[in-house]
Amino acid sequence: MPPANPSDPATKRVTAKPPNARAHRGAPPPGTRSAALLLLAAVFDRRRPLEEALDQLPAALEPRDRAAAHRLAAAVLRHAGSLDAVLEPHLRREPPPVVRAALRMGAAELLVLGTPAHAAVAATVAVVPRPFAGLVNAVLRKVATEGAEIYESLDRERLDTPPWLWSAWHAAYGAAGVRAIARAHQSAAPLDLTLAPGAAPPEGAVELPTGSWRLPAGTRVTDLPGLAEGAFWVQDAAAALPARLLAVKPGERVADLCAAPGGKTAQLATAGGIVTAVERDPKRAARLRENLARLKLSVTVEEADAAHWMPTEAGFDAVLLDAPCSATGIIRRHPDIPHLKRPKDIAPLVEAQARLLAQAAKLLRPGGRLVLATCSLQPEEGEAHVARAAALGLLPDPIAPTELPGLRTALIRGGTMRTRPDMWAEQGGIDGFFAARFRKA
């Protein structure tokens with residue numbers, strides 16, 4: 001994000017001083033709303049990822065304010081369509097972007113987060129430009145008294161899902177499927193961990209059928225003992241499956257393509273593989289190295305474009321390709337995705353995935369194994385690649401039901417895997433992933 005220009009009126013609006021009122025029980029701390037406005041402006045106005053915007057918040061911001069701002073911004077992003085539907089009857093004309101963001105923020109506090117009305121209204125009014133303070137005060141007071149009933153009557157699942165995604169998921173998963181997926185996106189995801197060999201799970205963690213350990217949504221990983229010592233790493237239960245499906249044996253040469261942030265790389269290394277991790281982006285490669293160092297794992301990291309990377313010694317026993325994708329399977333964790341992605345983004349991603357798959361096939365020795373994975377719910381980025389694999393000399397290696405304990409419904413046509421966020425609903429859901437396994441002829 002470029003540095004703020006103090007002479008820009010829009011900058012003055014977004015960086016308005018936080019309220020001086022004392023914090024109320026159930027309300028975010030002072031300073032949170034101003035930070036949340038910065039996050040929302042980054043996503044809605046500049047179409048920047050939420051996590052990137054979070055990293056660019058002022059360094060002086062207290063950790064608790066940073067976490068609370070993220071929670072508030074995520075609530076707005078997750079429910080923006082429904083919040084707008086509640087606000088719209090009280091607006092005669094479209095307000096400036098910063099005012100729209102503040103109204104959404106105040107409505108999210110009132111209707112989603114349960115912040116006391118007096119705290120939500122007064123604190124939101126304090127961070128908008130003065131000429132709009134009366135408007136924001138009047139609208140949010142209406143929302144506080146009448147909004148809950150309207151909010152509960154809405155078809156929130158559909159309002160909070162972009163029409164193009166609703167149509168695509170309806171075509172792929174049917175009327176019941178698209179609604180179940182949208183319902184899963186209404187709530188934040190729990191925190192899943194993969195344990196290092198021999199490590200004990202954190203207190204309160206529950207083991208899932210696939211071997212991951214789960215803690216409630218909102219758990220701060222930095223508060224868990226064992227993080228700095230490398231006892232575990234954060235990884236959704238679905239994200240942990242592709243590396244397990246590769247079934248690496250000790251001593252096998254393994255390539256992990258598009259490897260950052262390193263969760264799958266760590267799985268391959270702890271299984272005994274001699275791993276080369278390939279990552280194109282320098283910043284992500286640096287993060288990959290940091291994570292591997294914390295976990296005390298010895299892995300060769302290559303900073304290169306996996307679509308063209310060809311080492312002197314190819315002939316890997318196994319290759320894991322977790323290809324860059326639209327990430328529509330991880331909206332529970334990244335509610336900014338529906339506001340950043342567009343239908344036109346899919347075709348270029350599919351083409352890039354096809355190039356990566358072709359290069360991955362070249363890296364394998366005859367008889368070697370390859371797992372292709374994407375964290376997308378779009379069939380173009382998953383099932384459609386299976387037909388392409390045959391032309392690359394890749395033969396299907398079907399996944400067995402016993403390899404997906406507790407997830408039999410994720411096993412789909414041809415022995416491939418498709419998890420969806422509405423699966424394991426009673427346990428808190430799971431990310432959306434596609435995975436297919438092949439052997440080189």
# chains A, B, ... in the order shown; residues from 1 in each chain; ligands from 1

$ closest_atom_pairs --of "range 357-429 of chain A" --to "range 320-324 of chain A" --cutoff "6 Å" --atoms "only C-alpha atoms" --output "Markdown table"
| residue | atom | partner | partner_atom | distance |
| --- | --- | --- | --- | --- |
| A:Leu370 | CA | A:Leu320 | CA | 5.8 |
| A:Val371 | CA | A:Leu320 | CA | 5.1 |
| A:Leu372 | CA | A:Leu321 | CA | 4.9 |
| A:Ala373 | CA | A:Asp322 | CA | 4.6 |
| A:Thr374 | CA | A:Ala323 | CA | 5.6 |

$ select_by_dssp --residues "range 82-248 of chain A" --states "strand (DSSP E or B)" --output "list in words"
Leu191, Asp192, Leu193, Thr194, Leu195, Val206, Glu207, Trp213, Arg214, Leu215, Phe232, Trp233 and Val234 of chain A

$ write_last_selection --atoms "C-alpha atoms" --output "mmCIF file, in the first residue's frame"
data_model
loop_
_atom_site.group_PDB
_atom_site.id
_atom_site.type_symbol
_atom_site.label_atom_id
_atom_site.label_comp_id
_atom_site.auth_asym_id
_atom_site.auth_seq_id
_atom_site.Cartn_x
_atom_site.Cartn_y
_atom_site.Cartn_z
ATOM 1 C CA LEU A 191 -7.881 -23.247 14.006
ATOM 2 C CA ASP A 192 -6.417 -26.531 12.731
ATOM 3 C CA LEU A 193 -2.915 -27.747 13.528
ATOM 4 C CA THR A 194 -0.580 -30.424 12.231
ATOM 5 C CA LEU A 195 1.686 -31.764 14.978
ATOM 6 C CA VAL A 206 -9.577 -32.148 19.539
ATOM 7 C CA GLU A 207 -8.215 -34.738 17.135
ATOM 8 C CA TRP A 213 -5.985 -31.223 15.687
ATOM 9 C CA ARG A 214 -8.659 -28.544 16.033
ATOM 10 C CA LEU A 215 -9.138 -25.573 18.352
ATOM 11 C CA PHE A 232 3.120 -27.770 15.324
ATOM 12 C CA TRP A 233 2.150 -25.650 12.374
ATOM 13 C CA VAL A 234 -1.161 -24.124 11.314
#

$ closest_residue --among "A:Ala133, A:Leu407, A:Leu159, A:Ala85" --to "Arg183 in chain A" --atoms "only C-alpha atoms"
A:Leu159

$ closest_residue --among "A:Leu111, A:Ala217, A:Leu224, A:Ala199" --to "Arg71 in chain A" --atoms "only C-alpha atoms"
A:Ala217

$ residues_around --residues "Gly329 in chain A" --least-positions-apart "4" --cutoff "6 Å" --atoms "only C-alpha atoms" --output "NGL selection string"
:A and (375-377 or 431-432)

$ write_last_selection --atoms "N, CA and C atoms" --output "compact mmCIF listing (two decimals), in the first residue's frame"
# COMPACT_ATOMS: atom_id res chain seq x y z
N CYS A 375 -7.00 -25.25 -3.81
CA CYS A 375 -7.95 -24.87 -2.76
C CYS A 375 -9.07 -24.05 -3.37
N SER A 376 -9.70 -24.61 -4.40
CA SER A 376 -10.75 -23.95 -5.14
C SER A 376 -11.99 -24.83 -5.20
N LEU A 377 -13.16 -24.19 -5.23
CA LEU A 377 -14.41 -24.91 -5.41
C LEU A 377 -14.85 -24.92 -6.88
N ASP A 431 -11.98 -26.75 4.87
CA ASP A 431 -11.76 -25.95 3.67
C ASP A 431 -12.11 -26.74 2.42
N GLY A 432 -12.38 -26.01 1.33
CA GLY A 432 -12.69 -26.65 0.05
C GLY A 432 -11.42 -26.93 -0.72

$ closest_residue --among "A:His185, A:Arg100, A:Arg179, A:Arg287" --to "Phe44 in chain A" --atoms "only C-alpha atoms"
A:Arg100

$ atom_distance --atom1 "CA of Glu229 in chain A" --atom2 "CA of Leu50 in chain A"
28.0 Å

$ residues_around --residues "Leu77 in chain A" --least-positions-apart "5" --cutoff "10 Å" --atoms "only C-alpha atoms" --output "list in words"
Leu40, Val43, Phe44, Leu50, Arg71, Leu72, Leu83, Arg104, Met105, Ala108, Asp160, His334, Pro335, Asp336, Ile337, Pro338 and His339 of chain A

$ closest_residue --among "A:Val386, A:Ile399, A:Ile412, A:Ala188" --to "Arg333 in chain A" --atoms "only C-alpha atoms"
A:Ala188

$ closest_residue --among "A:Gly368, A:Pro216, A:Gly262, A:Gly211" --to "Val275 in chain A" --atoms "only C-alpha atoms"
A:Gly262

$ closest_residue --among "A:Arg46, A:Lys264, A:Arg289, A:Arg408" --to "Pro97 in chain A" --atoms "only C-alpha atoms"
A:Arg46

$ residues_around --residues "Ala148 in chain A" --least-positions-apart "5" --cutoff "9 Å" --atoms "only C-alpha atoms" --output "list in words"
Val86, Leu110, Leu111, Val143 and Ser153 of chain A

$ residues_around --residues "Asp317 in chain A" --least-positions-apart "5" --cutoff "7 Å" --atoms "only C-alpha atoms" --output "count of residues only"
7

$ residues_around --residues "Gln427 in chain A" --least-positions-apart "3" --cutoff "9 Å" --atoms "only C-alpha atoms" --output "PyMOL selection string"
chain A and resi 208+214+423-424+430

$ select_by_dssp --residues "range 12-244 of chain A" --states "helix (DSSP H, G or I)" --output "short mmCIF file (atom, residue, chain, number, x, y, z; two decimals) with N, CA and C atoms, in the first residue's frame"
data_model
loop_
_atom_site.label_atom_id
_atom_site.label_comp_id
_atom_site.auth_asym_id
_atom_site.auth_seq_id
_atom_site.Cartn_x
_atom_site.Cartn_y
_atom_site.Cartn_z
N LYS A 12 -7.56 11.84 4.97
CA LYS A 12 -8.01 12.41 6.24
C LYS A 12 -9.25 11.69 6.76
N ARG A 13 -10.11 11.30 5.86
CA ARG A 13 -11.34 10.63 6.29
C ARG A 13 -11.02 9.27 6.90
N VAL A 14 -10.18 8.50 6.24
CA VAL A 14 -9.91 7.14 6.69
C VAL A 14 -9.13 7.13 7.98
N THR A 32 -9.54 0.41 17.36
CA THR A 32 -9.90 -0.69 16.49
C THR A 32 -10.65 -0.21 15.25
N ARG A 33 -11.61 0.69 15.42
CA ARG A 33 -12.44 1.09 14.29
C ARG A 33 -11.64 1.82 13.22
N SER A 34 -10.73 2.67 13.64
CA SER A 34 -9.89 3.36 12.64
C SER A 34 -9.06 2.36 11.86
N ALA A 35 -8.50 1.37 12.55
CA ALA A 35 -7.71 0.35 11.87
C ALA A 35 -8.60 -0.49 10.96
N ALA A 36 -9.80 -0.82 11.42
CA ALA A 36 -10.72 -1.61 10.59
C ALA A 36 -11.10 -0.84 9.33
N LEU A 37 -11.28 0.47 9.43
CA LEU A 37 -11.58 1.28 8.24
C LEU A 37 -10.44 1.22 7.23
N LEU A 38 -9.21 1.23 7.73
CA LEU A 38 -8.06 1.11 6.83
C LEU A 38 -8.08 -0.24 6.11
N LEU A 39 -8.40 -1.30 6.84
CA LEU A 39 -8.46 -2.63 6.24
C LEU A 39 -9.55 -2.70 5.18
N LEU A 40 -10.72 -2.15 5.49
CA LEU A 40 -11.83 -2.21 4.55
C LEU A 40 -11.56 -1.36 3.32
N ALA A 41 -10.91 -0.22 3.51
CA ALA A 41 -10.56 0.62 2.35
C ALA A 41 -9.59 -0.12 1.44
N ALA A 42 -8.65 -0.87 2.03
CA ALA A 42 -7.69 -1.62 1.23
C ALA A 42 -8.40 -2.66 0.37
N VAL A 43 -9.38 -3.36 0.95
CA VAL A 43 -10.08 -4.42 0.21
C VAL A 43 -11.07 -3.84 -0.80
N PHE A 44 -11.98 -2.98 -0.32
CA PHE A 44 -13.06 -2.49 -1.18
C PHE A 44 -12.59 -1.45 -2.20
N ASP A 45 -11.71 -0.55 -1.80
CA ASP A 45 -11.32 0.55 -2.68
C ASP A 45 -10.10 0.22 -3.53
N LEU A 50 -6.79 -8.86 2.41
CA LEU A 50 -6.93 -8.44 3.80
C LEU A 50 -5.65 -8.70 4.59
N GLU A 51 -5.03 -9.85 4.39
CA GLU A 51 -3.81 -10.16 5.14
C GLU A 51 -2.69 -9.19 4.80
N GLU A 52 -2.61 -8.80 3.53
CA GLU A 52 -1.60 -7.82 3.13
C GLU A 52 -1.86 -6.48 3.80
N ALA A 53 -3.13 -6.07 3.82
CA ALA A 53 -3.49 -4.81 4.47
C ALA A 53 -3.20 -4.87 5.97
N LEU A 54 -3.43 -6.01 6.57
CA LEU A 54 -3.16 -6.17 8.01
C LEU A 54 -1.69 -5.97 8.31
N ASP A 55 -0.83 -6.48 7.44
CA ASP A 55 0.62 -6.32 7.63
C ASP A 55 1.05 -4.86 7.51
N PRO A 63 -1.21 -5.10 19.63
CA PRO A 63 -1.63 -6.40 19.09
C PRO A 63 -3.12 -6.68 19.28
N ARG A 64 -3.67 -6.29 20.44
CA ARG A 64 -5.10 -6.55 20.67
C ARG A 64 -5.96 -5.72 19.73
N ASP A 65 -5.53 -4.48 19.43
CA ASP A 65 -6.27 -3.63 18.50
C ASP A 65 -6.18 -4.19 17.08
N ARG A 66 -5.00 -4.69 16.74
CA ARG A 66 -4.80 -5.28 15.42
C ARG A 66 -5.72 -6.50 15.23
N ALA A 67 -5.76 -7.35 16.25
CA ALA A 67 -6.59 -8.56 16.17
C ALA A 67 -8.07 -8.19 16.13
N ALA A 68 -8.47 -7.19 16.94
CA ALA A 68 -9.88 -6.79 16.96
C ALA A 68 -10.28 -6.12 15.65
N ALA A 69 -9.37 -5.34 15.05
CA ALA A 69 -9.66 -4.70 13.77
C ALA A 69 -9.85 -5.76 12.68
N HIS A 70 -9.02 -6.77 12.72
CA HIS A 70 -9.14 -7.86 11.75
C HIS A 70 -10.48 -8.57 11.92
N ARG A 71 -10.87 -8.81 13.15
CA ARG A 71 -12.14 -9.49 13.42
C ARG A 71 -13.31 -8.65 12.92
N LEU A 72 -13.26 -7.34 13.16
CA LEU A 72 -14.35 -6.46 12.74
C LEU A 72 -14.40 -6.35 11.22
N ALA A 73 -13.25 -6.18 10.58
CA ALA A 73 -13.23 -6.09 9.12
C ALA A 73 -13.70 -7.40 8.49
N ALA A 74 -13.30 -8.52 9.07
CA ALA A 74 -13.72 -9.82 8.54
C ALA A 74 -15.23 -9.99 8.63
N ALA A 75 -15.83 -9.51 9.73
CA ALA A 75 -17.28 -9.60 9.88
C ALA A 75 -17.98 -8.79 8.79
N VAL A 76 -17.46 -7.61 8.49
CA VAL A 76 -18.05 -6.79 7.42
C VAL A 76 -17.92 -7.51 6.08
N LEU A 77 -16.74 -8.04 5.79
CA LEU A 77 -16.51 -8.71 4.51
C LEU A 77 -17.38 -9.95 4.36
N ARG A 78 -17.56 -10.66 5.45
CA ARG A 78 -18.33 -11.91 5.42
C ARG A 78 -19.83 -11.64 5.20
N ALA A 80 -21.26 -8.49 4.01
CA ALA A 80 -21.46 -7.18 3.37
C ALA A 80 -22.79 -7.07 2.65
N GLY A 81 -23.20 -8.10 1.94
CA GLY A 81 -24.45 -8.03 1.20
C GLY A 81 -25.65 -7.87 2.12
N SER A 82 -25.67 -8.64 3.20
CA SER A 82 -26.78 -8.54 4.15
C SER A 82 -26.77 -7.20 4.88
N LEU A 83 -25.60 -6.73 5.26
CA LEU A 83 -25.51 -5.44 5.95
C LEU A 83 -26.02 -4.32 5.06
N ASP A 84 -25.66 -4.38 3.77
CA ASP A 84 -26.15 -3.35 2.85
C ASP A 84 -27.66 -3.40 2.73
N ALA A 85 -28.23 -4.58 2.74
CA ALA A 85 -29.69 -4.71 2.63
C ALA A 85 -30.39 -4.08 3.82
N VAL A 86 -29.76 -4.16 5.00
CA VAL A 86 -30.33 -3.53 6.19
C VAL A 86 -30.17 -2.00 6.13
N LEU A 87 -29.05 -1.55 5.62
CA LEU A 87 -28.75 -0.12 5.59
C LEU A 87 -29.52 0.63 4.50
N GLU A 88 -29.77 -0.03 3.38
CA GLU A 88 -30.28 0.64 2.19
C GLU A 88 -31.56 1.45 2.42
N PRO A 89 -32.55 0.96 3.16
CA PRO A 89 -33.78 1.75 3.34
C PRO A 89 -33.55 3.09 4.03
N HIS A 90 -32.43 3.24 4.70
CA HIS A 90 -32.16 4.47 5.46
C HIS A 90 -31.23 5.44 4.72
N PRO A 97 -17.25 6.37 0.01
CA PRO A 97 -16.78 5.03 0.39
C PRO A 97 -16.45 4.87 1.86
N VAL A 98 -15.80 5.87 2.47
CA VAL A 98 -15.42 5.73 3.87
C VAL A 98 -16.66 5.72 4.76
N VAL A 99 -17.70 6.44 4.37
CA VAL A 99 -18.94 6.45 5.15
C VAL A 99 -19.68 5.13 4.98
N ARG A 100 -19.71 4.61 3.75
CA ARG A 100 -20.31 3.29 3.51
C ARG A 100 -19.60 2.23 4.35
N ALA A 101 -18.27 2.29 4.38
CA ALA A 101 -17.51 1.31 5.16
C ALA A 101 -17.82 1.44 6.65
N ALA A 102 -17.91 2.68 7.14
CA ALA A 102 -18.21 2.89 8.56
C ALA A 102 -19.62 2.40 8.90
N LEU A 103 -20.59 2.64 8.02
CA LEU A 103 -21.94 2.16 8.27
C LEU A 103 -21.99 0.64 8.30
N ARG A 104 -21.30 0.01 7.37
CA ARG A 104 -21.23 -1.45 7.38
C ARG A 104 -20.59 -1.95 8.68
N MET A 105 -19.54 -1.24 9.09
CA MET A 105 -18.82 -1.62 10.30
C MET A 105 -19.72 -1.51 11.52
N GLY A 106 -20.42 -0.38 11.65
CA GLY A 106 -21.33 -0.21 12.78
C GLY A 106 -22.45 -1.23 12.76
N ALA A 107 -23.01 -1.50 11.57
CA ALA A 107 -24.08 -2.50 11.46
C ALA A 107 -23.57 -3.89 11.82
N ALA A 108 -22.33 -4.20 11.43
CA ALA A 108 -21.75 -5.51 11.77
C ALA A 108 -21.59 -5.65 13.28
N GLU A 109 -21.19 -4.57 13.94
CA GLU A 109 -21.08 -4.63 15.40
C GLU A 109 -22.44 -4.88 16.05
N LEU A 110 -23.46 -4.23 15.52
CA LEU A 110 -24.79 -4.34 16.11
C LEU A 110 -25.44 -5.69 15.82
N LEU A 111 -25.31 -6.17 14.59
CA LEU A 111 -26.10 -7.32 14.15
C LEU A 111 -25.33 -8.63 14.15
N ALA A 117 -25.30 -1.31 21.79
CA ALA A 117 -25.71 -0.29 20.82
C ALA A 117 -25.03 1.06 21.07
N HIS A 118 -24.99 1.50 22.35
CA HIS A 118 -24.42 2.82 22.62
C HIS A 118 -22.94 2.87 22.25
N ALA A 119 -22.23 1.75 22.45
CA ALA A 119 -20.79 1.71 22.12
C ALA A 119 -20.60 1.69 20.61
N ALA A 120 -21.37 0.85 19.93
CA ALA A 120 -21.20 0.72 18.48
C ALA A 120 -21.51 2.02 17.76
N VAL A 121 -22.62 2.69 18.15
CA VAL A 121 -23.04 3.90 17.46
C VAL A 121 -22.07 5.05 17.75
N ALA A 122 -21.80 5.28 19.01
CA ALA A 122 -20.95 6.42 19.37
C ALA A 122 -19.54 6.29 18.80
N ALA A 123 -18.98 5.09 18.87
CA ALA A 123 -17.60 4.90 18.40
C ALA A 123 -17.51 4.98 16.89
N THR A 124 -18.53 4.51 16.19
CA THR A 124 -18.51 4.59 14.73
C THR A 124 -18.65 6.04 14.28
N VAL A 125 -19.54 6.78 14.92
CA VAL A 125 -19.71 8.20 14.59
C VAL A 125 -18.39 8.94 14.75
N ARG A 130 -16.64 14.64 9.92
CA ARG A 130 -17.63 15.37 10.71
C ARG A 130 -18.93 15.68 9.94
N PRO A 131 -18.85 16.06 8.64
CA PRO A 131 -20.12 16.37 7.95
C PRO A 131 -21.08 15.19 7.86
N PHE A 132 -20.57 13.97 8.06
CA PHE A 132 -21.43 12.79 7.94
C PHE A 132 -21.77 12.17 9.29
N ALA A 133 -21.33 12.81 10.36
CA ALA A 133 -21.56 12.25 11.69
C ALA A 133 -23.06 12.11 11.98
N GLY A 134 -23.86 13.13 11.60
CA GLY A 134 -25.29 13.06 11.86
C GLY A 134 -25.96 11.94 11.09
N LEU A 135 -25.57 11.76 9.85
CA LEU A 135 -26.13 10.69 9.03
C LEU A 135 -25.82 9.33 9.64
N VAL A 136 -24.56 9.09 9.99
CA VAL A 136 -24.15 7.80 10.55
C VAL A 136 -24.86 7.55 11.87
N ASN A 137 -24.97 8.59 12.69
CA ASN A 137 -25.65 8.44 13.98
C ASN A 137 -27.12 8.05 13.78
N ALA A 138 -27.79 8.74 12.86
CA ALA A 138 -29.21 8.48 12.64
C ALA A 138 -29.45 7.08 12.06
N VAL A 139 -28.65 6.71 11.08
CA VAL A 139 -28.83 5.40 10.42
C VAL A 139 -28.55 4.27 11.40
N LEU A 140 -27.46 4.37 12.15
CA LEU A 140 -27.12 3.27 13.06
C LEU A 140 -28.10 3.17 14.22
N ARG A 141 -28.68 4.28 14.64
CA ARG A 141 -29.71 4.20 15.68
C ARG A 141 -30.95 3.47 15.15
N LYS A 142 -31.26 3.69 13.89
CA LYS A 142 -32.36 2.95 13.28
C LYS A 142 -32.04 1.46 13.21
N VAL A 143 -30.80 1.17 12.83
CA VAL A 143 -30.37 -0.24 12.75
C VAL A 143 -30.42 -0.88 14.12
N ALA A 144 -30.04 -0.13 15.15
CA ALA A 144 -30.03 -0.67 16.51
C ALA A 144 -31.43 -1.04 16.98
N THR A 145 -32.43 -0.30 16.53
CA THR A 145 -33.79 -0.56 17.01
C THR A 145 -34.60 -1.46 16.07
N GLU A 146 -34.32 -1.38 14.77
CA GLU A 146 -35.14 -2.11 13.80
C GLU A 146 -34.37 -3.14 12.99
N GLY A 147 -33.04 -3.05 13.03
CA GLY A 147 -32.23 -3.84 12.11
C GLY A 147 -32.24 -5.33 12.35
N ALA A 148 -32.30 -5.76 13.60
CA ALA A 148 -32.19 -7.19 13.91
C ALA A 148 -33.31 -7.99 13.26
N GLU A 149 -34.53 -7.47 13.32
CA GLU A 149 -35.66 -8.18 12.74
C GLU A 149 -35.52 -8.29 11.22
N ILE A 150 -35.08 -7.20 10.59
CA ILE A 150 -34.88 -7.21 9.15
C ILE A 150 -33.76 -8.17 8.78
N TYR A 151 -32.67 -8.10 9.53
CA TYR A 151 -31.50 -8.94 9.27
C TYR A 151 -31.87 -10.42 9.33
N GLU A 152 -32.64 -10.81 10.31
CA GLU A 152 -33.00 -12.21 10.47
C GLU A 152 -33.94 -12.68 9.35
N SER A 153 -34.65 -11.77 8.72
CA SER A 153 -35.59 -12.16 7.67
C SER A 153 -34.93 -12.30 6.30
N ARG A 156 -29.59 -14.37 3.81
CA ARG A 156 -28.22 -13.91 3.97
C ARG A 156 -27.23 -14.75 3.16
N GLU A 157 -27.50 -16.03 3.06
CA GLU A 157 -26.57 -16.89 2.32
C GLU A 157 -26.41 -16.41 0.88
N ARG A 158 -27.51 -16.02 0.27
CA ARG A 158 -27.44 -15.57 -1.12
C ARG A 158 -26.93 -14.14 -1.23
N LEU A 159 -27.38 -13.27 -0.34
CA LEU A 159 -26.95 -11.87 -0.38
C LEU A 159 -25.45 -11.73 -0.16
N PRO A 163 -23.08 -13.06 -7.14
CA PRO A 163 -23.93 -13.82 -8.07
C PRO A 163 -23.16 -14.80 -8.95
N TRP A 164 -21.96 -14.43 -9.41
CA TRP A 164 -21.23 -15.34 -10.31
C TRP A 164 -20.78 -16.59 -9.59
N LEU A 165 -20.44 -16.47 -8.29
CA LEU A 165 -20.06 -17.65 -7.53
C LEU A 165 -21.29 -18.50 -7.22
N TRP A 166 -22.39 -17.84 -6.88
CA TRP A 166 -23.62 -18.59 -6.61
C TRP A 166 -24.01 -19.43 -7.85
N SER A 167 -23.95 -18.82 -9.02
CA SER A 167 -24.31 -19.52 -10.25
C SER A 167 -23.36 -20.68 -10.53
N ALA A 168 -22.07 -20.44 -10.35
CA ALA A 168 -21.08 -21.49 -10.62
C ALA A 168 -21.25 -22.66 -9.66
N TRP A 169 -21.48 -22.37 -8.38
CA TRP A 169 -21.62 -23.46 -7.40
C TRP A 169 -22.97 -24.15 -7.56
N HIS A 170 -23.99 -23.42 -7.98
CA HIS A 170 -25.28 -24.05 -8.24
C HIS A 170 -25.13 -25.07 -9.37
N ALA A 171 -24.40 -24.68 -10.42
CA ALA A 171 -24.20 -25.59 -11.56
C ALA A 171 -23.37 -26.81 -11.16
N ALA A 172 -22.41 -26.61 -10.25
CA ALA A 172 -21.51 -27.71 -9.88
C ALA A 172 -22.08 -28.60 -8.79
N TYR A 173 -22.82 -28.01 -7.84
CA TYR A 173 -23.21 -28.76 -6.64
C TYR A 173 -24.71 -28.79 -6.38
N GLY A 174 -25.50 -28.14 -7.25
CA GLY A 174 -26.94 -28.16 -7.09
C GLY A 174 -27.44 -27.12 -6.11
N ALA A 175 -28.76 -27.00 -6.02
CA ALA A 175 -29.38 -25.98 -5.18
C ALA A 175 -29.04 -26.17 -3.70
N ALA A 176 -29.10 -27.42 -3.25
CA ALA A 176 -28.79 -27.69 -1.84
C ALA A 176 -27.30 -27.47 -1.56
N GLY A 177 -26.46 -27.85 -2.51
CA GLY A 177 -25.02 -27.71 -2.31
C GLY A 177 -24.57 -26.28 -2.21
N VAL A 178 -25.05 -25.43 -3.13
CA VAL A 178 -24.61 -24.03 -3.10
C VAL A 178 -25.07 -23.37 -1.82
N ARG A 179 -26.27 -23.69 -1.36
CA ARG A 179 -26.76 -23.07 -0.13
C ARG A 179 -25.97 -23.54 1.09
N ALA A 180 -25.60 -24.83 1.10
CA ALA A 180 -24.82 -25.35 2.22
C ALA A 180 -23.44 -24.72 2.25
N ILE A 181 -22.83 -24.52 1.08
CA ILE A 181 -21.51 -23.86 1.01
C ILE A 181 -21.61 -22.43 1.50
N ALA A 182 -22.62 -21.70 1.01
CA ALA A 182 -22.80 -20.30 1.43
C ALA A 182 -23.07 -20.20 2.92
N ARG A 183 -23.81 -21.16 3.46
CA ARG A 183 -24.08 -21.15 4.91
C ARG A 183 -22.77 -21.35 5.69
N ALA A 184 -21.90 -22.21 5.21
CA ALA A 184 -20.62 -22.44 5.88
C ALA A 184 -19.77 -21.19 5.89
N VAL A 221 -3.05 -18.33 17.67
CA VAL A 221 -1.98 -19.32 17.62
C VAL A 221 -0.75 -18.85 18.39
N THR A 222 -0.54 -17.53 18.45
CA THR A 222 0.63 -17.01 19.16
C THR A 222 0.53 -17.22 20.66
N ASP A 223 -0.67 -17.53 21.15
CA ASP A 223 -0.84 -17.79 22.58
C ASP A 223 -0.60 -19.25 22.94
N LEU A 241 -4.39 -32.91 3.62
CA LEU A 241 -4.68 -34.17 2.93
C LEU A 241 -3.80 -34.43 1.71
N PRO A 242 -3.53 -33.45 0.82
CA PRO A 242 -2.75 -33.76 -0.37
C PRO A 242 -1.39 -34.37 -0.07
N ALA A 243 -0.66 -33.85 0.91
CA ALA A 243 0.64 -34.42 1.24
C ALA A 243 0.50 -35.83 1.79
N ARG A 244 -0.56 -36.08 2.56
CA ARG A 244 -0.78 -37.43 3.07
C ARG A 244 -1.11 -38.39 1.94
#
